[in-house]
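What follows is the content of input_30.txt, which has compact mmCIF, C-alpha atoms:
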```txt
# COMPACT_ATOMS: atom_id res chain seq x y z
CA MET X 17 -15.31 19.01 -2.29
CA ASN X 18 -16.13 15.42 -3.18
CA SER X 19 -14.62 12.31 -4.74
CA SER X 20 -16.33 12.77 -8.10
CA THR X 21 -14.94 16.23 -8.84
CA THR X 22 -11.85 16.75 -6.65
CA VAL X 23 -8.42 15.43 -7.63
CA VAL X 24 -6.10 15.02 -4.64
CA GLY X 25 -2.31 14.98 -4.65
CA PHE X 26 -0.18 13.52 -1.87
CA ALA X 27 3.57 14.07 -1.45
CA GLY X 28 5.45 12.15 1.22
CA ILE X 29 4.62 8.43 1.29
CA GLY X 30 6.28 7.47 4.57
CA VAL X 31 5.29 5.63 7.74
CA MET X 32 2.22 7.83 8.18
CA GLY X 33 1.70 9.27 4.69
CA LYS X 34 1.02 5.90 3.08
CA SER X 35 -1.91 5.21 5.41
CA MET X 36 -3.24 8.75 5.09
CA ALA X 37 -3.17 8.68 1.28
CA GLY X 38 -4.65 5.19 1.36
CA HIS X 39 -7.70 6.35 3.30
CA ILE X 40 -8.36 9.02 0.66
CA LEU X 41 -8.09 6.39 -2.08
CA ASP X 42 -10.53 4.20 -0.17
CA LYS X 43 -13.10 7.02 -0.27
CA GLY X 44 -13.06 7.00 -4.06
CA TYR X 45 -10.93 10.07 -4.74
CA THR X 46 -8.52 10.17 -7.67
CA VAL X 47 -5.14 10.42 -5.93
CA HIS X 48 -1.87 11.51 -7.51
CA VAL X 49 1.36 10.81 -5.62
CA TYR X 50 4.94 11.98 -5.47
CA ASN X 51 7.70 10.68 -3.24
CA ARG X 52 11.45 11.18 -3.23
CA THR X 53 11.86 7.37 -3.08
CA PRO X 54 9.47 6.01 -5.75
CA SER X 55 9.41 2.45 -4.37
CA LYS X 56 7.62 3.62 -1.21
CA ALA X 57 4.64 4.67 -3.32
CA GLN X 58 4.39 1.37 -5.21
CA GLU X 59 1.63 -0.09 -3.04
CA LEU X 60 -0.55 2.99 -3.57
CA ILE X 61 0.16 2.94 -7.31
CA GLU X 62 -0.96 -0.69 -7.46
CA ARG X 63 -4.19 0.41 -5.76
CA GLY X 64 -4.81 3.05 -8.43
CA ALA X 65 -2.82 6.13 -7.46
CA VAL X 66 -1.21 8.11 -10.31
CA TRP X 67 2.57 8.57 -10.05
CA HIS X 68 4.45 11.82 -10.84
CA ASP X 69 8.21 12.25 -10.83
CA SER X 70 8.15 15.83 -9.52
CA PRO X 71 5.96 17.91 -7.18
CA GLY X 72 5.37 20.43 -9.95
CA LYS X 73 3.94 17.90 -12.39
CA MET X 74 1.64 16.60 -9.68
CA ALA X 75 0.57 20.14 -8.76
CA ALA X 76 -0.58 20.91 -12.29
CA ALA X 77 -2.99 17.95 -12.19
CA CYS X 78 -4.58 18.42 -8.76
CA ASP X 79 -7.17 20.55 -6.97
CA VAL X 80 -5.90 19.81 -3.46
CA ILE X 81 -2.41 18.66 -2.47
CA ILE X 82 -1.42 17.25 0.91
CA THR X 83 2.20 17.02 1.99
CA MET X 84 3.64 14.85 4.77
CA LEU X 85 7.39 15.37 4.63
CA GLY X 86 10.37 15.05 6.95
CA TYR X 87 12.06 18.37 7.67
CA PRO X 88 11.40 22.09 7.13
CA GLN X 89 14.03 22.16 4.37
CA ASP X 90 12.09 19.40 2.57
CA VAL X 91 8.89 21.43 2.88
CA GLU X 92 10.57 24.55 1.52
CA ALA X 93 12.02 22.65 -1.44
CA VAL X 94 8.78 20.84 -2.35
CA TYR X 95 6.75 24.05 -2.10
CA MET X 96 9.13 26.70 -3.42
CA ASN X 97 11.61 25.14 -5.88
CA GLU X 98 11.16 25.80 -9.59
CA ASP X 99 9.56 22.34 -9.99
CA GLY X 100 7.67 22.69 -6.71
CA LEU X 101 4.04 23.10 -5.75
CA ILE X 102 3.51 26.86 -5.50
CA PRO X 103 5.17 27.79 -8.84
CA ASN X 104 3.18 25.10 -10.69
CA ALA X 105 -0.20 24.84 -8.95
CA LYS X 106 -3.28 26.30 -10.61
CA PRO X 107 -4.87 29.38 -9.02
CA GLY X 108 -7.52 28.20 -6.58
CA THR X 109 -5.56 25.09 -5.57
CA TYR X 110 -5.48 24.18 -1.87
CA LEU X 111 -2.11 23.12 -0.42
CA ILE X 112 -2.18 21.46 3.00
CA ASP X 113 1.14 20.85 4.73
CA MET X 114 0.73 18.19 7.42
CA THR X 115 4.45 18.00 8.16
CA THR X 116 5.59 19.17 11.57
CA SER X 117 7.57 22.19 10.45
CA SER X 118 8.51 25.76 11.31
CA PRO X 119 5.72 28.25 12.15
CA MET X 120 7.73 30.97 10.42
CA LEU X 121 8.02 28.89 7.25
CA ALA X 122 4.28 28.16 7.35
CA ARG X 123 3.52 31.87 7.36
CA ARG X 124 5.94 32.47 4.49
CA LEU X 125 4.41 29.70 2.36
CA ALA X 126 0.91 31.06 2.99
CA ALA X 127 2.01 34.52 1.87
CA SER X 128 3.72 33.16 -1.26
CA GLY X 129 0.65 31.13 -2.14
CA ARG X 130 -1.68 34.07 -1.61
CA GLU X 131 0.28 36.10 -4.18
CA ARG X 132 -0.55 33.44 -6.79
CA GLY X 133 -4.14 32.80 -5.76
CA ILE X 134 -3.21 29.54 -4.03
CA ARG X 135 -4.55 28.72 -0.58
CA VAL X 136 -1.98 27.25 1.82
CA LEU X 137 -2.81 25.75 5.21
CA ASP X 138 -0.48 24.30 7.83
CA ALA X 139 -2.07 21.24 9.45
CA PRO X 140 0.42 19.13 11.42
CA VAL X 141 -0.88 15.98 13.06
CA SER X 142 -0.46 13.91 16.20
CA GLY X 143 -1.18 10.23 16.70
CA GLY X 144 1.75 8.49 15.03
CA ASP X 145 1.46 5.40 12.88
CA VAL X 146 -1.46 4.06 14.94
CA GLY X 147 -3.48 7.24 14.46
CA ALA X 148 -2.66 7.30 10.75
CA LYS X 149 -3.68 3.66 10.22
CA ASN X 150 -6.92 4.09 12.14
CA ALA X 151 -7.77 7.52 10.64
CA LYS X 152 -7.84 8.94 14.18
CA LEU X 153 -5.20 11.66 13.87
CA SER X 154 -5.46 14.90 15.77
CA ILE X 155 -5.08 17.67 13.18
CA MET X 156 -4.05 21.20 14.21
CA VAL X 157 -4.78 23.73 11.50
CA GLY X 158 -3.52 27.21 10.70
CA GLY X 159 -5.09 29.22 7.88
CA GLU X 160 -8.16 31.12 6.78
CA LYS X 161 -11.50 29.89 8.14
CA GLU X 162 -13.15 29.68 4.70
CA ASP X 163 -10.28 27.56 3.36
CA PHE X 164 -10.38 25.31 6.42
CA GLU X 165 -14.09 24.70 6.02
CA THR X 166 -13.62 23.86 2.33
CA VAL X 167 -10.98 21.16 2.90
CA LEU X 168 -12.45 19.83 6.16
CA PRO X 169 -14.14 16.85 4.43
CA LEU X 170 -10.71 15.61 3.30
CA MET X 171 -9.20 16.07 6.76
CA GLU X 172 -12.09 14.13 8.27
CA ILE X 173 -11.02 11.11 6.21
CA MET X 174 -7.69 11.10 8.05
CA GLY X 175 -8.49 12.42 11.52
CA SER X 176 -11.11 12.65 14.24
CA ASN X 177 -10.03 15.73 16.21
CA ILE X 178 -9.63 18.60 13.78
CA VAL X 179 -9.36 22.14 15.12
CA LEU X 180 -8.68 25.46 13.39
CA GLN X 181 -6.24 27.16 15.76
CA GLY X 182 -5.89 30.50 14.00
CA GLY X 183 -4.19 32.06 10.99
CA PRO X 184 -1.14 30.81 9.08
CA GLY X 185 1.44 29.26 11.40
CA ALA X 186 -1.03 28.61 14.22
CA GLY X 187 -1.20 24.92 13.42
CA GLN X 188 2.57 24.58 13.66
CA ASN X 189 2.71 26.51 16.93
CA THR X 190 0.03 24.22 18.35
CA LYS X 191 2.02 21.17 17.27
CA MET X 192 5.01 22.58 19.13
CA CYS X 193 2.82 22.63 22.28
CA ASN X 194 2.00 18.98 21.60
CA GLN X 195 5.66 17.99 21.19
CA ILE X 196 6.71 19.92 24.30
CA ALA X 197 4.12 18.00 26.34
CA ILE X 198 5.18 14.64 24.84
CA ALA X 199 8.89 15.25 25.42
CA SER X 200 8.67 15.46 29.21
CA ASN X 201 5.94 12.81 29.30
CA MET X 202 8.21 10.32 27.51
CA MET X 203 10.88 10.84 30.16
CA GLY X 204 8.34 10.25 32.94
CA VAL X 205 6.84 7.18 31.26
CA THR X 206 10.25 5.61 30.73
CA GLU X 207 11.45 6.33 34.26
CA ALA X 208 8.23 4.85 35.69
CA ILE X 209 8.79 1.56 33.87
CA ILE X 210 12.47 1.40 34.83
CA TYR X 211 11.49 2.07 38.46
CA ALA X 212 8.86 -0.70 38.33
CA GLU X 213 11.41 -3.19 37.04
CA LYS X 214 14.02 -2.24 39.65
CA ALA X 215 11.38 -2.56 42.40
CA GLY X 216 10.69 -6.14 41.33
CA LEU X 217 7.23 -5.38 39.96
CA ASP X 218 5.72 -6.76 36.77
CA PRO X 219 5.62 -3.60 34.59
CA ARG X 220 2.66 -4.91 32.58
CA THR X 221 0.65 -5.30 35.77
CA VAL X 222 1.74 -1.84 36.90
CA LEU X 223 0.57 -0.49 33.55
CA LYS X 224 -2.94 -1.88 34.18
CA SER X 225 -3.17 0.22 37.34
CA ILE X 226 -1.66 3.50 36.19
CA GLU X 227 -2.75 3.92 32.57
CA THR X 228 -6.36 4.71 33.47
CA GLY X 229 -5.53 7.04 36.36
CA ALA X 230 -4.10 10.54 36.54
CA ALA X 231 -0.85 9.34 34.90
CA GLY X 232 -2.68 8.07 31.82
CA SER X 233 -1.42 9.17 28.40
CA PHE X 234 -1.14 8.00 24.81
CA SER X 235 2.54 7.25 25.39
CA LEU X 236 1.83 5.17 28.48
CA SER X 237 -0.90 3.06 26.86
CA ASN X 238 0.56 2.71 23.36
CA LEU X 239 4.33 2.93 23.66
CA VAL X 240 5.08 1.14 26.94
CA PRO X 241 3.82 -2.21 25.55
CA ARG X 242 6.22 -1.74 22.63
CA MET X 243 9.08 -1.00 25.05
CA LEU X 244 8.33 -4.16 27.02
CA ASP X 245 8.09 -6.25 23.84
CA GLY X 246 11.46 -4.95 22.66
CA ASP X 247 9.71 -3.37 19.66
CA PHE X 248 11.53 -0.16 18.84
CA GLU X 249 10.43 0.18 15.22
CA PRO X 250 9.22 3.67 14.38
CA GLY X 251 5.69 4.89 14.75
CA PHE X 252 7.47 8.22 14.91
CA TYR X 253 11.21 8.48 14.22
CA ILE X 254 13.60 9.69 16.89
CA LYS X 255 15.38 11.78 14.24
CA HIS X 256 12.11 13.55 13.47
CA PHE X 257 11.34 14.09 17.16
CA ILE X 258 14.76 15.71 17.60
CA LYS X 259 13.91 17.95 14.65
CA ASP X 260 10.61 18.93 16.26
CA MET X 261 12.20 19.67 19.62
CA GLY X 262 14.78 21.84 17.87
CA ILE X 263 12.03 23.86 16.16
CA ALA X 264 10.23 24.28 19.49
CA LEU X 265 13.40 25.39 21.28
CA GLN X 266 14.19 27.88 18.52
CA SER X 267 10.65 29.28 18.59
CA ALA X 268 10.76 29.47 22.40
CA ALA X 269 14.07 31.35 22.26
CA GLU X 270 12.52 33.88 19.87
CA MET X 271 9.71 34.40 22.40
CA GLU X 272 12.20 34.45 25.33
CA VAL X 273 10.57 31.43 26.98
CA GLU X 274 12.63 28.94 29.02
CA LEU X 275 11.73 25.24 28.55
CA PRO X 276 14.06 23.20 30.80
CA GLY X 277 12.11 19.94 30.44
CA LEU X 278 12.29 20.15 26.67
CA LYS X 279 16.02 20.89 26.76
CA LEU X 280 16.63 17.79 28.89
CA ALA X 281 14.50 15.58 26.65
CA GLU X 282 16.31 16.82 23.55
CA SER X 283 19.70 16.07 25.12
CA LEU X 284 18.62 12.51 26.00
CA TYR X 285 17.23 11.84 22.52
CA ARG X 286 20.39 13.23 20.92
CA LYS X 287 22.43 10.82 23.05
CA LEU X 288 20.17 8.02 21.86
CA ALA X 289 20.58 9.06 18.22
CA ASP X 290 24.36 9.20 18.64
CA ALA X 291 24.20 5.62 19.95
CA GLY X 292 22.64 4.49 16.66
CA TYR X 293 18.91 4.73 17.34
CA ALA X 294 18.00 7.74 15.16
CA ASP X 295 15.81 5.61 12.88
CA LYS X 296 13.98 3.90 15.74
CA GLY X 297 10.73 4.98 17.39
CA THR X 298 10.53 7.40 20.29
CA GLN X 299 9.79 4.49 22.68
CA ALA X 300 13.46 3.52 22.29
CA LEU X 301 14.19 6.08 25.02
CA TYR X 302 13.91 2.98 27.25
CA LYS X 303 17.22 1.81 25.72
CA LEU X 304 19.10 4.63 27.44
CA TRP X 305 18.52 2.82 30.73
CA ALA X 306 18.36 -0.75 29.45
CA ASP X 307 21.69 -0.37 27.64
CA GLU X 308 23.11 1.82 30.43
CA LEU X 309 23.75 4.69 28.02
CA ALA X 310 22.31 7.42 30.22
```
Could you quickly redo this structure as structure tokens?
Amino acid sequence: MNSSTTVVGFAGIGVMGKSMAGHILDKGYTVHVYNRTPSKAQELIERGAVWHDSPGKMAAACDVIITMLGYPQDVEAVYMNEDGLIPNAKPGTYLIDMTTSSPMLARRLAASGRERGIRVLDAPVSGGDVGAKNAKLSIMVGGEKEDFETVLPLMEIMGSNIVLQGGPGAGQNTKMCNQIAIASNMMGVTEAIIYAEKAGLDPRTVLKSIETGAAGSFSLSNLVPRMLDGDFEPGFYIKHFIKDMGIALQSAAEMEVELPGLKLAESLYRKLADAGYADKGTQALYKLWADELA
């Protein structure tokens, strides 16, 4: 797999997808793009990407297609509709879904692809807009080992921690573990900063002490500065985080696992979304206390 012989498709040119597709363009690959809102792909088109007005038309022209979509229903439509990827891709095509989606859906897509000679991998990511811009995403992969090894050079363009977790669906289940850990961490991070402010401390000075100790985390180092600057623009949308937590809670219920921290985090983020912050970044959890909404 190399830039001279492999044509890459990318569907989902959003906050993260634009950077991810851009890195592949920068490596000299021919990149074809599809997005529900065409204007969001304009910058990539101006840089040389080829536009298609349906996933199916893009699929017919590509050897590998990466998707970075919003919700499981979007994934199902883009992959399975009559003008979607699986009905129109050539046998031997690799489809890589990097959306955070349902493990059950991932297994179903892999089975549908296999019937047509199409290789489907689930490869959700963590790292947000910063990780996407810096090509430092953590990529959690589910699929066959041979397929993973074939597409690994493409993944290495977008990420720096890329692990095959198991068969189809394993990537999505691993991403649920990631989101479960983040959910409770975001509550702790936010409460720590609110506590610092109420105690009369300078939260930025507090951050210098605690971010490199046992409390250190991506959220503490990268999202607290945004909270303190009043920057609540999305690196990762609250509405998408609520979606992820819902998938995790549903999967946990199927496995008869209780996740009280996740349930609390979901309830707080739903309250935040109801207050008008659904399209803001997850760091806006701070607003629940700052605006006295909690």
Counting all atoms listed in the file, give me one row per residue of region 191-257 of chain X with an atom at most 12 Å from an atom of region 274-290 of chain X, showing the shortest contact pair and its distance in Å to one decimal, sorted by chain then residue number, as a Markdown table.
```
| residue | atom | partner | partner_atom | distance |
| --- | --- | --- | --- | --- |
| X:Met192 | CA | X:Leu278 | CA | 10.8 |
| X:Cys193 | CA | X:Leu278 | CA | 10.7 |
| X:Asn194 | CA | X:Leu278 | CA | 11.5 |
| X:Gln195 | CA | X:Leu278 | CA | 8.9 |
| X:Ile196 | CA | X:Leu278 | CA | 6.1 |
| X:Ala197 | CA | X:Leu278 | CA | 8.5 |
| X:Ile198 | CA | X:Leu278 | CA | 9.2 |
| X:Ala199 | CA | X:Ala281 | CA | 5.8 |
| X:Ser200 | CA | X:Gly277 | CA | 5.8 |
| X:Asn201 | CA | X:Ala281 | CA | 9.4 |
| X:Met202 | CA | X:Ala281 | CA | 8.2 |
| X:Met203 | CA | X:Ala281 | CA | 6.9 |
| X:Gly204 | CA | X:Ala281 | CA | 10.3 |
| X:Thr206 | CA | X:Ala281 | CA | 11.6 |
| X:Tyr253 | CA | X:Ala289 | CA | 10.2 |
| X:Ile254 | CA | X:Tyr285 | CA | 7.0 |
| X:Lys255 | CA | X:Ala289 | CA | 7.1 |
| X:His256 | CA | X:Tyr285 | CA | 10.5 |
| X:Phe257 | CA | X:Tyr285 | CA | 8.3 |
```
Problem set entry | Close residues, Ile209 (chain X) itself excluded, 10 Å, only C-alpha atoms, min 3 positions apart in chain, as an MDAnalysis selection string | chainID X and resid 204:206 212:215 217:220 222:223 236 240 243:244 302
For this session: For Lys106 (chain X), list every protein, DNA or RNA residue within 8 Å, evaluated using only C-alpha atoms, and leave out those in the same chain fewer than 5 positions away; present the list as JSON, numbers by chain.
Result: {"X": [75, 76, 79, 134]}
Problem set entry | Nearest-residue call for Ile61 (chain X), choices X:Gly159, X:Gly38, X:Gly33, X:Gly44, using all atoms listed in the file | X:Gly38
For this session: Go through X:Glu172, X:Glu59, X:Asp99, X:Asp90 and flag the residue nearest Met74 (chain X), using all atoms listed in the file for the distances.
Result: X:Asp99
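The two atoms in question, CA of Asp307 (chain X) and CA of Ser237 (chain X), are spaced 22.9 Å apart.
Closest to Gly175 (chain X) among X:Ala77, X:Met114, X:Leu239, X:Ala127 is X:Met114, based on all atoms listed in the file.
From CA of Gly86 (chain X) back to CA of Asp245 (chain X), the distance works out to 27.3 Å.
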For this session: Kindly give the distance, in Å, that separates CA of Ser233 (chain X) and CA of Ile263 (chain X), rounded to a single decimal.
Result: 23.4 Å
